[in-house]
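A short worksheet on the structure shown next.
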Amino acid sequence: MADKSKAPTVYIGMTADIMHHGLINVIEVGRKHGRVVIGLMTDGAVSRYKPLPYLEYEHRRRILENIVGVDEVIPQEEWDFVPNLQKLKPEIVIHGDDWCEGPQKVYRDRVVDALREWDGELIEVPYTQGVSTPRFNTQLRGLGTTSEIRRQSLRRHLDSGELVRVIEVHSPLCGLLAENLAVERGDSVARFEGMWVSSLTDSTVRGKPDIELVDTSSRIAAIDALFEVTTKPLIFDGDTGGLPEHFAFTVRTLERLGASAIIIEDKTGPKRNSLLDGDGHHIQEDIDLFAEKIAVGRKAALTEEFMIIGRIESLILGVGMEDALARAHAYVAAGANGIMIHSRRKTPDEIFEFCDKFRETDPDTTIVVVPTQYSVVRESELIEHGVNIVIYANHLLRASFPAMRAAGESILRNGRAMEADDICLPVDELLSMIPNTVS
Ligand code: SPV
Ligand code: MG
């Protein structure tokens with residue numbers, strides 16, 4: 001092989017989730033010009049813009065390293081090429097010309113500016129007709145996912161270091177919404193990375209109170225239908241977890257289905273929802289007994305990636321920060337992979353205090369929060385205080401009810417349906433939003 005050490009450095013940034021001849025074309029152009037260094041987007045870089053790649057970083061790296069013409073693969077930690085370009089100062093950057101227009105154009109402009117600093121050159125390879133990564137992605141997602149890939153994907157999101165945003169889903173239709181919603185926010189695209197199956201909304205849609213009345217088996221059966229039409233990871237609200245012997249079975253069942261985590265709360269006796277007005281609706285479990293339940297669940301889990309998350313009610317019950325912290329450390333020592341800290345206050349102060357103090361001695365364990373009452377809190381603030389997962393725990397159900405009521409009232413008021421049409425989804429949209437309804 002010719003000595004390439006003196007050849008110009010050619011930088012090519014890519015995700016390389018689905019390798020196709022369009023990407024090979026780009027690499028082939030690169031190797032004609034010098035030593036090809038691929039800046040491979042990490043999961044974190046990708047997730048600022050797109051759903052997580054199918055293949056993990058290490059797998060994508062191995063594939064690329066085995067492609068003729070690729071001399072080196074380095075991580076590109078951000079969607080923006082510039083930080084890597086500043087480090088490498090490559091003579092040449094190669095990219096498909098599909099980024100000259102549209103949302104990627106600002107990143108192209110930044111590359112052009114950066115290259116000017118050291119007289120580098122941008123070569124744009126004509127877009128290969130007939131291959132479109134977004135189209136491949138849509139087709140792949142249409143095929144669904146496997147239990148294993150789905151289960152692991154929550155950990156992958158956490159490993160990316162980004163805040164993981166989770167939305168409550170109480171039906172497969174909500175699941176489709178969670179799957180597909182995406183909103184441009186600043187220089188990235190915001191999505192929900194995962195789904196929360198809430199005891200509150202699972203009970204409410206059945207017209208039942210949130211008191212562990214809807215049995216675990218029927219809640220789990222509903223997950224099967226949800227999984228048929230979605231690919232994102234799921235966190236299950238396991239209430240108190242029940243008896244430790246029962247909890248072990250719940251863990252196994254969820255894990256087998258492909259759920260990524262269960263959260264259980266340190267309550268005992270008749271369970272009541274934590275957000276009920278007034279104090280004393282529930283009793284907190286003894287710290288050692290609850291830690292033991294976590295340990296039983298951890299032992300039952302067959303995979304490392306399935307997460308057991310202990311939820312602490314100390315702030316809800318007003319028993320103090322010290323108690324909350326002591327419980328957090330005890331639950332982690334018992335094997336909890338994460339801690340959910342809950343609060344009923346309208347401001348996030350006590351949540352911030354808990355997170356800051358917990359992080360003083362535990363930089364790693366996943367922290368989960370549910371800002372229903374302190375909805376003023378911004379995701380950027382949660383990130384500053386070391387939160388890893390934010391669960392919007394009941395919003396799709398709460399949003400749907402006023403809309404349904406308004407439609408019903410309109411029909412009753414007007415003696416016909418026409419006035420309600422404006423607030424209803426057009427029927428053709430309803431039909432076309434479900435995959436395979438329209439060919
Ligand atoms: C749920 O969504 O069922 C929860 C969160 O457990 S909360 O309702 O705030 O207790
Ligand atoms: Mg609940």
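Each chain in the structure tokens gets a letter, A, B and so on, in the order shown; residues start at 1 in every chain, and ligands are counted from 1 in the order they appear.
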Using only C-alpha atoms and all ligand atoms, which protein or nucleic acid residues are at most 9 Å from ligand 1, as a VMD selection string? chain A and resid 168 196 to 203 210 237 to 239 263 to 265 272 to 276 342 to 344 370 to 373 391 to 394
Save out the residues we just selected, N, CA, C and O atoms, as a short mmCIF file (atom, residue, chain, number, x, y, z; two decimals), in the first residue's frame.
```cif
data_model
loop_
_atom_site.label_atom_id
_atom_site.label_comp_id
_atom_site.auth_asym_id
_atom_site.auth_seq_id
_atom_site.Cartn_x
_atom_site.Cartn_y
_atom_site.Cartn_z
N GLU A 168 -45.89 10.54 28.01
CA GLU A 168 -46.91 9.55 28.39
C GLU A 168 -47.68 9.10 27.16
O GLU A 168 -48.09 9.91 26.33
N TRP A 196 -43.77 6.74 28.22
CA TRP A 196 -44.06 6.44 29.63
C TRP A 196 -45.44 5.82 29.69
O TRP A 196 -46.41 6.41 29.21
N VAL A 197 -45.52 4.64 30.27
CA VAL A 197 -46.83 4.04 30.50
C VAL A 197 -47.19 4.30 31.95
O VAL A 197 -46.65 3.69 32.87
N SER A 198 -48.07 5.27 32.14
CA SER A 198 -48.39 5.84 33.45
C SER A 198 -49.51 5.06 34.13
O SER A 198 -50.50 4.69 33.48
N SER A 199 -49.39 4.86 35.45
CA SER A 199 -50.51 4.21 36.15
C SER A 199 -51.70 5.15 36.20
O SER A 199 -52.85 4.72 36.13
N LEU A 200 -51.41 6.46 36.29
CA LEU A 200 -52.51 7.42 36.38
C LEU A 200 -53.34 7.40 35.09
O LEU A 200 -54.57 7.28 35.13
N THR A 201 -52.67 7.50 33.94
CA THR A 201 -53.46 7.59 32.71
C THR A 201 -53.99 6.20 32.29
O THR A 201 -55.07 6.10 31.75
N ASP A 202 -53.23 5.14 32.59
CA ASP A 202 -53.74 3.79 32.31
C ASP A 202 -55.03 3.54 33.09
O ASP A 202 -55.94 2.86 32.62
N SER A 203 -55.09 4.08 34.32
CA SER A 203 -56.30 3.90 35.13
C SER A 203 -57.41 4.82 34.62
O SER A 203 -58.57 4.39 34.47
N ASP A 210 -56.48 5.69 40.37
CA ASP A 210 -55.07 5.28 40.29
C ASP A 210 -54.65 4.65 41.62
O ASP A 210 -53.89 5.22 42.38
N ASP A 237 -44.51 2.47 34.48
CA ASP A 237 -44.81 2.92 35.84
C ASP A 237 -45.33 1.69 36.61
O ASP A 237 -46.47 1.26 36.43
N GLY A 238 -44.47 1.15 37.46
CA GLY A 238 -44.82 -0.11 38.15
C GLY A 238 -45.49 0.10 39.49
O GLY A 238 -45.53 -0.83 40.30
N ASP A 239 -46.01 1.32 39.75
CA ASP A 239 -46.64 1.60 41.05
C ASP A 239 -45.69 1.19 42.18
O ASP A 239 -44.51 1.51 42.12
N ILE A 263 -40.22 1.82 36.88
CA ILE A 263 -40.04 2.68 38.05
C ILE A 263 -41.00 2.20 39.12
O ILE A 263 -42.20 2.03 38.85
N ILE A 264 -40.48 1.93 40.31
CA ILE A 264 -41.39 1.59 41.42
C ILE A 264 -41.22 2.62 42.53
O ILE A 264 -40.14 3.16 42.75
N GLU A 265 -42.33 2.91 43.22
CA GLU A 265 -42.34 3.98 44.21
C GLU A 265 -42.36 3.41 45.62
O GLU A 265 -42.97 2.35 45.87
N ARG A 272 -52.08 5.59 46.64
CA ARG A 272 -52.82 6.74 46.12
C ARG A 272 -51.89 7.52 45.22
O ARG A 272 -50.67 7.47 45.40
N ASN A 273 -52.47 8.27 44.30
CA ASN A 273 -51.62 9.09 43.43
C ASN A 273 -50.92 10.16 44.24
O ASN A 273 -51.51 10.77 45.13
N SER A 274 -49.66 10.41 43.91
CA SER A 274 -48.84 11.35 44.69
C SER A 274 -49.31 12.79 44.56
O SER A 274 -48.94 13.63 45.37
N LEU A 275 -50.07 13.11 43.52
CA LEU A 275 -50.43 14.51 43.30
C LEU A 275 -51.78 14.87 43.92
O LEU A 275 -52.25 16.00 43.78
N LEU A 276 -52.40 13.91 44.62
CA LEU A 276 -53.69 14.19 45.27
C LEU A 276 -53.54 15.33 46.26
O LEU A 276 -52.56 15.35 47.02
N HIS A 342 -39.61 12.85 43.23
CA HIS A 342 -40.88 13.48 42.88
C HIS A 342 -41.20 14.64 43.82
O HIS A 342 -40.73 14.65 44.96
N SER A 343 -41.99 15.58 43.31
CA SER A 343 -42.35 16.75 44.12
C SER A 343 -43.73 17.22 43.68
O SER A 343 -44.11 17.07 42.52
N ARG A 344 -44.42 17.83 44.65
CA ARG A 344 -45.76 18.35 44.36
C ARG A 344 -45.77 19.87 44.37
O ARG A 344 -46.80 20.50 44.24
N VAL A 370 -40.34 14.20 37.09
CA VAL A 370 -41.67 14.26 36.48
C VAL A 370 -42.28 15.64 36.79
O VAL A 370 -42.97 15.80 37.79
N PRO A 371 -41.99 16.62 35.96
CA PRO A 371 -42.42 17.98 36.29
C PRO A 371 -43.88 18.27 35.91
O PRO A 371 -44.16 19.08 35.03
N THR A 372 -44.80 17.60 36.60
CA THR A 372 -46.22 17.88 36.33
C THR A 372 -46.64 19.15 37.06
O THR A 372 -47.21 20.06 36.46
N GLN A 373 -46.34 19.22 38.37
CA GLN A 373 -46.75 20.38 39.14
C GLN A 373 -45.81 21.56 38.89
O GLN A 373 -46.26 22.68 38.79
N ILE A 391 -39.83 13.07 32.38
CA ILE A 391 -41.05 12.39 31.93
C ILE A 391 -42.22 13.38 31.98
O ILE A 391 -42.52 13.94 33.05
N TYR A 392 -42.84 13.60 30.83
CA TYR A 392 -44.07 14.39 30.79
C TYR A 392 -45.20 13.36 30.94
O TYR A 392 -45.58 12.69 29.98
N ALA A 393 -45.71 13.25 32.17
CA ALA A 393 -46.33 12.00 32.60
C ALA A 393 -47.80 11.82 32.26
O ALA A 393 -48.32 10.71 32.41
N ASN A 394 -48.49 12.87 31.85
CA ASN A 394 -49.94 12.71 31.65
C ASN A 394 -50.50 13.68 30.61
O ASN A 394 -51.71 13.85 30.51
#
```
What's the 9 Å shell around His385 of chain A, counting only C-alpha atoms, without same-chain residues fewer than 6 positions away, as a ChimeraX atom specification? /A:351-353,355-356,359
Find the residue from A:Thr204, A:Ser153, A:Ser160, A:Thr42 that sits nearest to ligand 2; use only C-alpha atoms and all ligand atoms when measuring. A:Thr204
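Pairwise distance (atom CA of Tyr331 of chain A, atom CA of Ile294 of chain A) equals 7.0 Å.
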Find, counting only C-alpha atoms, the residue in A:Arg311, A:Lys105, A:His33, A:Lys50 that gets nearest to Gly338 of chain A.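 Using only C-alpha atoms, Gly338 of chain A sits closest to A:Arg311.
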Leu177 of chain A: which residues within 12 Å, counting only C-alpha atoms, same-chain residues fewer than 6 positions away excluded, as a PDB file with N, CA and C atoms, in the first residue's frame?
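Full text of around-v8.pdb as output:
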```pdb
ATOM      1  N   ILE A 167     -42.544  10.878  26.883  1.00  0.00           N
ATOM      2  CA  ILE A 167     -43.931  11.355  26.907  1.00  0.00           C
ATOM      3  C   ILE A 167     -44.876  10.198  27.263  1.00  0.00           C
ATOM      4  N   GLU A 168     -45.889  10.543  28.009  1.00  0.00           N
ATOM      5  CA  GLU A 168     -46.912   9.555  28.391  1.00  0.00           C
ATOM      6  C   GLU A 168     -47.683   9.099  27.163  1.00  0.00           C
ATOM      7  N   VAL A 169     -47.884   7.796  27.056  1.00  0.00           N
ATOM      8  CA  VAL A 169     -48.752   7.276  25.991  1.00  0.00           C
ATOM      9  C   VAL A 169     -49.764   6.331  26.631  1.00  0.00           C
ATOM     10  N   HIS A 170     -51.020   6.488  26.261  1.00  0.00           N
ATOM     11  CA  HIS A 170     -52.035   5.608  26.859  1.00  0.00           C
ATOM     12  C   HIS A 170     -52.761   4.793  25.806  1.00  0.00           C
ATOM     13  N   SER A 171     -52.262   4.818  24.577  1.00  0.00           N
ATOM     14  CA  SER A 171     -52.857   4.004  23.511  1.00  0.00           C
ATOM     15  C   SER A 171     -51.824   3.883  22.397  1.00  0.00           C
ATOM     16  N   ARG A 191     -37.394  15.886  19.822  1.00  0.00           N
ATOM     17  CA  ARG A 191     -38.291  14.736  19.695  1.00  0.00           C
ATOM     18  C   ARG A 191     -38.507  14.144  21.070  1.00  0.00           C
ATOM     19  N   PHE A 192     -39.477  13.256  21.190  1.00  0.00           N
ATOM     20  CA  PHE A 192     -39.570  12.445  22.392  1.00  0.00           C
ATOM     21  C   PHE A 192     -38.767  11.183  22.127  1.00  0.00           C
ATOM     22  N   GLU A 193     -37.843  10.916  23.048  1.00  0.00           N
ATOM     23  CA  GLU A 193     -36.996   9.735  22.826  1.00  0.00           C
ATOM     24  C   GLU A 193     -37.652   8.459  23.354  1.00  0.00           C
ATOM     25  N   GLY A 194     -38.631   8.619  24.240  1.00  0.00           N
ATOM     26  CA  GLY A 194     -39.216   7.411  24.806  1.00  0.00           C
ATOM     27  C   GLY A 194     -40.649   7.616  25.256  1.00  0.00           C
ATOM     28  N   MET A 195     -41.273   6.514  25.687  1.00  0.00           N
ATOM     29  CA  MET A 195     -42.686   6.526  26.078  1.00  0.00           C
ATOM     30  C   MET A 195     -42.812   6.121  27.549  1.00  0.00           C
ATOM     31  N   LEU A 226     -49.128  -1.553  21.824  1.00  0.00           N
ATOM     32  CA  LEU A 226     -48.314  -0.344  21.643  1.00  0.00           C
ATOM     33  C   LEU A 226     -47.032  -0.679  20.874  1.00  0.00           C
ATOM     34  N   VAL A 229     -46.802  -0.991  16.908  1.00  0.00           N
ATOM     35  CA  VAL A 229     -46.778   0.143  15.972  1.00  0.00           C
ATOM     36  C   VAL A 229     -45.710   1.185  16.316  1.00  0.00           C
ATOM     37  N   THR A 230     -44.829   0.882  17.242  1.00  0.00           N
ATOM     38  CA  THR A 230     -43.810   1.863  17.631  1.00  0.00           C
ATOM     39  C   THR A 230     -42.437   1.192  17.723  1.00  0.00           C
ATOM     40  N   THR A 231     -41.399   2.043  17.801  1.00  0.00           N
ATOM     41  CA  THR A 231     -40.047   1.482  17.961  1.00  0.00           C
ATOM     42  C   THR A 231     -39.301   2.093  19.147  1.00  0.00           C
ATOM     43  N   LYS A 232     -39.881   3.107  19.785  1.00  0.00           N
ATOM     44  CA  LYS A 232     -39.113   3.822  20.820  1.00  0.00           C
ATOM     45  C   LYS A 232     -39.124   3.076  22.155  1.00  0.00           C
ATOM     46  N   LEU A 396     -50.658  13.922  27.239  1.00  0.00           N
ATOM     47  CA  LEU A 396     -51.464  13.593  26.057  1.00  0.00           C
ATOM     48  C   LEU A 396     -52.902  13.297  26.477  1.00  0.00           C
ATOM     49  N   MET A 433     -52.856   8.845   8.495  1.00  0.00           N
ATOM     50  CA  MET A 433     -51.795   8.833   9.503  1.00  0.00           C
ATOM     51  C   MET A 433     -51.494   7.430  10.015  1.00  0.00           C
ATOM     52  N   ILE A 434     -52.375   6.515   9.759  1.00  0.00           N
ATOM     53  CA  ILE A 434     -52.085   5.143  10.178  1.00  0.00           C
ATOM     54  C   ILE A 434     -51.376   4.435   9.029  1.00  0.00           C
TER      55      ILE A 434
END
```
Backbone DSSP call of strand (DSSP E) for segment 116-273 of chain A, listed as a ChimeraX atom specification: /A:121-125,164-168,182-185,188-191,194-197,234-237,261-265,267-268
Using only C-alpha atoms, which protein or nucleic acid residues come within 10 Å of Lys299 of chain A? Drop anything in the same chain fewer than 6 positions from it, and give the result as a list of chain:residue names.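 The residues that qualify are A:Ala248, A:Val251, A:Lys293, A:Gly335.
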Please measure the separation of atom CA of Trp79 of chain A and atom CA of Asp98 of chain A, giving the value in Å to one decimal.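 Spanning atom CA of Trp79 of chain A to atom CA of Asp98 of chain A is a straight-line distance of 15.7 Å.
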All helix (DSSP H, G or I) positions in segment 287-371 of chain A, as an MDAnalysis selection string: chainID A and resid 287:300 314:317 321:333 349:361
